[in-house]
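Student: Please find structure.txt (compact mmCIF, C-alpha atoms) on the next line:
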```txt
# COMPACT_ATOMS: atom_id res chain seq x y z
CA MET A 1 103.86 116.48 87.95
CA LEU A 2 106.66 114.71 86.08
CA THR A 3 109.75 113.25 87.77
CA LEU A 4 112.60 111.82 85.71
CA VAL A 5 114.88 109.39 87.57
CA VAL A 6 118.17 108.61 85.85
CA GLY A 7 121.03 106.35 86.85
CA GLY A 8 123.44 103.71 85.70
CA ALA A 9 122.95 99.96 85.82
CA ALA A 10 122.22 98.70 89.36
CA SER A 11 122.43 102.26 90.72
CA GLY A 12 119.29 101.93 92.84
CA LYS A 13 117.24 104.18 90.56
CA SER A 14 114.33 101.75 90.25
CA GLU A 15 114.01 101.22 93.99
CA TRP A 16 114.29 104.95 94.64
CA ALA A 17 111.60 105.74 92.04
CA GLU A 18 109.32 103.05 93.43
CA ASN A 19 109.68 104.45 96.96
CA LEU A 20 108.86 107.93 95.65
CA VAL A 21 105.61 106.66 94.12
CA LEU A 22 104.79 104.66 97.27
CA ALA A 23 105.01 107.89 99.30
CA LEU A 24 102.26 109.46 97.17
CA SER A 25 98.62 109.06 98.12
CA GLY A 26 96.21 107.66 95.57
CA GLN A 27 96.21 104.83 93.10
CA ARG A 28 99.58 103.52 91.91
CA VAL A 29 100.17 102.15 88.44
CA TYR A 30 103.39 100.43 87.36
CA VAL A 31 103.94 100.48 83.59
CA ALA A 32 106.37 97.67 82.75
CA THR A 33 108.12 98.08 79.39
CA MET A 34 110.59 95.18 79.27
CA GLU A 35 109.54 92.79 76.54
CA PRO A 36 110.39 89.21 77.57
CA TYR A 37 112.64 88.19 74.67
CA ASP A 38 114.71 85.58 76.51
CA GLY A 39 115.50 83.95 79.82
CA GLU A 40 117.60 86.88 81.05
CA CYS A 41 114.65 89.25 80.50
CA LEU A 42 112.32 86.85 82.30
CA VAL A 43 114.65 86.76 85.31
CA ARG A 44 114.78 90.58 85.49
CA ILE A 45 111.00 90.85 85.09
CA ASP A 46 110.48 88.31 87.87
CA LYS A 47 112.88 90.21 90.15
CA HIS A 48 110.95 93.46 89.66
CA ARG A 49 107.61 91.71 90.19
CA ARG A 50 108.83 90.26 93.49
CA GLN A 51 110.20 93.63 94.60
CA ARG A 52 106.84 95.35 94.21
CA ALA A 53 104.64 92.44 95.36
CA GLY A 54 102.11 93.50 97.98
CA LYS A 55 102.84 97.21 97.53
CA GLY A 56 99.53 98.08 95.91
CA PHE A 57 100.63 98.68 92.33
CA LEU A 58 98.35 97.93 89.41
CA THR A 59 100.83 96.55 86.87
CA LEU A 60 100.29 97.20 83.18
CA GLU A 61 102.70 95.67 80.68
CA ARG A 62 103.20 97.90 77.66
CA PHE A 63 106.10 97.29 75.31
CA ARG A 64 105.15 99.84 72.62
CA ASP A 65 102.45 102.34 71.75
CA LEU A 66 102.34 104.06 75.11
CA GLU A 67 100.04 106.66 73.59
CA ARG A 68 97.13 104.21 73.61
CA LEU A 69 97.72 102.86 77.11
CA GLU A 70 94.69 103.32 79.35
CA VAL A 71 95.53 104.27 82.93
CA PRO A 72 93.07 105.41 85.60
CA ASP A 73 92.70 109.21 85.62
CA GLY A 74 94.62 110.84 88.44
CA ALA A 75 96.78 107.81 89.20
CA ASN A 76 100.43 107.99 90.23
CA VAL A 77 102.25 106.25 87.39
CA LEU A 78 105.72 104.71 87.46
CA LEU A 79 107.09 103.97 83.98
CA GLU A 80 109.92 101.41 84.16
CA CYS A 81 111.86 102.01 82.02
CA MET A 82 112.34 104.48 79.19
CA SER A 83 115.44 102.69 77.90
CA ASN A 84 113.46 99.52 77.19
CA LEU A 85 110.49 101.40 75.75
CA LEU A 86 112.67 103.32 73.32
CA ALA A 87 114.49 100.17 72.18
CA ASN A 88 111.13 98.48 71.59
CA GLU A 89 109.85 101.45 69.57
CA LEU A 90 113.07 101.71 67.53
CA TYR A 91 113.67 98.06 66.71
CA SER A 92 110.26 96.40 66.59
CA PRO A 93 108.55 96.24 63.19
CA GLN A 94 105.47 97.65 64.95
CA GLY A 95 107.47 100.44 66.62
CA GLY A 96 106.86 104.13 66.10
CA GLY A 97 110.30 105.43 67.09
CA LYS A 98 111.21 108.32 69.33
CA ALA A 99 108.17 110.38 68.31
CA ALA A 100 105.80 107.65 69.54
CA VAL A 101 107.62 107.52 72.88
CA LEU A 102 107.30 111.26 73.43
CA ARG A 103 103.63 111.34 72.38
CA GLY A 104 102.97 108.55 74.87
CA VAL A 105 104.68 110.41 77.69
CA GLU A 106 102.69 113.55 76.90
CA ARG A 107 99.48 111.56 77.12
CA LEU A 108 100.47 109.94 80.43
CA CYS A 109 101.36 113.36 81.84
CA ALA A 110 97.92 114.64 80.89
CA CYS A 111 96.00 111.88 82.67
CA SER A 112 98.27 111.18 85.68
CA ALA A 113 98.46 113.02 88.97
CA HIS A 114 102.17 112.23 89.01
CA LEU A 115 104.29 110.46 86.41
CA THR A 116 107.69 109.06 87.42
CA ILE A 117 109.91 107.81 84.60
CA VAL A 118 113.01 105.69 85.15
CA THR A 119 115.73 105.85 82.50
CA ASN A 120 119.31 104.70 82.14
CA GLU A 121 122.45 106.76 82.02
CA VAL A 122 124.38 104.93 79.32
CA PHE A 123 126.69 107.64 78.06
CA SER A 124 129.77 107.34 80.24
CA GLY A 125 130.96 103.89 79.24
CA GLY A 126 134.19 105.25 77.81
CA LYS A 127 133.79 103.31 74.59
CA ASP A 128 133.26 104.38 71.01
CA TYR A 129 130.18 102.84 69.49
CA GLY A 130 128.89 102.76 65.95
CA GLY A 131 125.95 101.53 63.94
CA ASP A 132 122.69 100.73 65.68
CA THR A 133 124.27 101.03 69.13
CA LEU A 134 125.33 104.61 68.46
CA ARG A 135 121.92 105.37 66.96
CA TYR A 136 120.19 104.02 70.07
CA LEU A 137 122.47 106.00 72.42
CA ARG A 138 121.83 109.21 70.49
CA GLU A 139 118.07 108.65 70.42
CA LEU A 140 118.00 107.87 74.16
CA GLY A 141 120.07 110.97 74.82
CA GLU A 142 117.57 113.08 72.89
CA VAL A 143 114.61 111.50 74.69
CA ASN A 144 116.25 111.98 78.09
CA ARG A 145 117.03 115.63 77.33
CA THR A 146 113.46 116.26 76.21
CA LEU A 147 112.03 114.56 79.29
CA ALA A 148 114.39 116.52 81.56
CA ALA A 149 113.18 119.76 79.97
CA TRP A 150 109.54 118.75 80.52
CA ALA A 151 110.13 117.45 84.05
CA ASP A 152 109.33 119.29 87.25
CA ARG A 153 112.03 117.24 88.97
CA VAL A 154 115.09 115.37 87.69
CA VAL A 155 116.94 113.06 90.07
CA GLU A 156 120.13 111.15 89.36
CA VAL A 157 120.58 108.11 91.59
CA VAL A 158 124.14 106.94 92.26
CA CYS A 159 124.76 104.01 94.61
CA GLY A 160 121.21 104.42 95.92
CA CYS A 161 121.75 108.08 96.79
CA PRO A 162 119.56 110.69 95.08
CA ASN A 163 121.14 113.80 93.61
CA VAL A 164 118.50 116.36 92.65
CA LEU A 165 119.44 118.02 89.37
CA LYS A 166 116.19 119.95 88.89
CA GLY A 167 113.37 120.82 91.26
CA ARG A 168 113.12 119.71 94.87
CA LEU A 169 113.31 116.27 96.41
CA LEU A 170 109.92 116.42 98.12
```
Starting from the file, lay out its structure as structure tokens.
Tutor:
Amino acid sequence: MLTLVVGGAASGKSEWAENLVLALSGQRVYVATMEPYDGECLVRIDKHRRQRAGKGFLTLERFRDLERLEVPDGANVLLECMSNLLANELYSPQGGGKAAVLRGVERLCACSAHLTIVTNEVFSGGKDYGGDTLRYLRELGEVNRTLAAWADRVVEVVCGCPNVLKGRLL
């Protein structure tokens, strides 16, 4: 089963997705995709580590090349987050772009009992963007649309409240 959780910055989407995975029985794997480029990234990574401490997640850090990530068969996987993974694949010299991201998700779907993916809603900022920012937004939009089509359930989280766009909540 694939669940896509989308929301804006600080919407509560990560906490909601984590609680969804915690409600599932079986092994839990947290795939962390934020590459620690600077102090701000390190602070966010530390915050997420503290939030899931003692909750029974096996944490795997994977910044690119999701397709070759080894996760235990039948695990419940939480991928946090697609926005970071795509940026890493687009802008790293070792990155494989959008195609690598989607191949990686397909592989995780095949070996997971349940895959939950967190992604950002970044399209309602009310600003016109150009260059690499516009390219990134378009690529993320395409990835999100593809994942939503593949997903059994799509949930938008706003102010911590889930709004089911596809499928059922439980």
Student: Skipping near chain neighbours, those fewer than 4 positions away, what residues fall within 8 Å of Val71 (chain A) using all atoms listed in the file, listed as a list in words?
Tutor: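 So, after excluding close chain neighbours, the residues are Val29, Ala75, Leu108, Cys111 and Ser112 of chain A.
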Student: Point out the residue among A:Asp73, A:Tyr91, A:Val158, A:Lys98 with the least atom-to-atom distance to Glu121 (chain A), counting only C-alpha atoms.
Tutor: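 Once distances to Glu121 (chain A) are computed over only C-alpha atoms, the minimum belongs to A:Val158.
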Student: In the coordinate frame of the file, compute which residues have an atom within 12 Å of (95.0, 102.6, 100.4) when using all atoms listed in the file, and state them as a PyMOL selection string.
Tutor: chain A and resi 22-28+54-57
Student: One decimal, in Å: what's the spacing between CA of Pro162 (chain A) and CA of Ala32 (chain A)?
Tutor: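 CA of Ala32 (chain A) lies at a distance of 22.3 Å from CA of Pro162 (chain A).
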Student: Excluding same-chain residues fewer than 3 positions from Ser11 (chain A), what lies within 9 Å of it counting all atoms listed in the file, as a ChimeraX atom specification?
Tutor: /A:7-8,14,157-161
Student: Can you pull out the residues contacting Pro36 (chain A)? Cut-off 12 Å, using only C-alpha atoms, and skip same-chain residues under 3 positions away; I want them as a PDB file with C-alpha atoms, in the frame of the given file.
Tutor:
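Full text of around-v6.pdb as output:
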```pdb
ATOM      1  CA  ALA A  32     106.370  97.670  82.750  1.00  0.00           C
ATOM      2  CA  THR A  33     108.120  98.080  79.390  1.00  0.00           C
ATOM      3  CA  GLY A  39     115.500  83.950  79.820  1.00  0.00           C
ATOM      4  CA  GLU A  40     117.600  86.880  81.050  1.00  0.00           C
ATOM      5  CA  CYS A  41     114.650  89.250  80.500  1.00  0.00           C
ATOM      6  CA  LEU A  42     112.320  86.850  82.300  1.00  0.00           C
ATOM      7  CA  VAL A  43     114.650  86.760  85.310  1.00  0.00           C
ATOM      8  CA  ARG A  44     114.780  90.580  85.490  1.00  0.00           C
ATOM      9  CA  ILE A  45     111.000  90.850  85.090  1.00  0.00           C
ATOM     10  CA  ASP A  46     110.480  88.310  87.870  1.00  0.00           C
ATOM     11  CA  GLU A  61     102.700  95.670  80.680  1.00  0.00           C
ATOM     12  CA  ARG A  62     103.200  97.900  77.660  1.00  0.00           C
ATOM     13  CA  PHE A  63     106.100  97.290  75.310  1.00  0.00           C
ATOM     14  CA  ASN A  84     113.460  99.520  77.190  1.00  0.00           C
ATOM     15  CA  ASN A  88     111.130  98.480  71.590  1.00  0.00           C
TER      16      ASN A  88
END
```
Student: Around the point (110.4, 104.7, 83.8) (coordinates from the file), which residues reach within 10 Å if we count all atoms listed in the file? Answer as a PyMOL selection string.
Tutor: chain A and resi 3-6+13-14+17-18+30-33+77-85+115-120
Student: Using all atoms listed in the file, find the one residue out of A:Ala99, A:Ala113, A:Ala149, A:Leu66 that sits nearest to Val21 (chain A).
Tutor: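 Closest residue, counting all atoms listed in the file: A:Ala113.
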Student: Hey, what's within 6 Å of His114 (chain A) if we count all atoms listed in the file and toss same-chain stuff fewer than 2 positions away? As a VMD selection string, please?
Tutor: chain A and resid 1 to 2 76 112
Student: If you count all atoms listed in the file, which residues fall within 9 Å of Lys166 (chain A), apart from same-chain ones fewer than 5 positions away, as a list in words?
Tutor: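 With the cut-off at 9 Å, the set is Ala148, Ala151, Asp152, Arg153, Val154 and Val155 of chain A.
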Student: Include C-alpha atoms and write out the residues we just selected as a CSV table (one decimal), keeping the file's coordinate frame.
Tutor:
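Writing done, so here's again24.csv:
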```csv
chain,number,residue,atom,x,y,z
A,148,ALA,CA,114.4,116.5,81.6
A,151,ALA,CA,110.1,117.4,84.0
A,152,ASP,CA,109.3,119.3,87.2
A,153,ARG,CA,112.0,117.2,89.0
A,154,VAL,CA,115.1,115.4,87.7
A,155,VAL,CA,116.9,113.1,90.1
```
Student: What is the CA of Arg107 (chain A)-CA of Glu67 (chain A) distance in Å, reported with one decimal?
Tutor: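 These atoms are spaced 6.1 Å apart.
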Student: Considering all atoms listed in the file, can you say which of A:Ala10, A:Gly141, A:Asp132, A:Arg64 comes closest to Gln94 (chain A)?
Tutor: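 Nearest to Gln94 (chain A): A:Arg64.
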Student: For CA of Glu89 (chain A) and CA of Val101 (chain A), quote the distance in Å rounded to one decimal.
Tutor: 7.3 Å
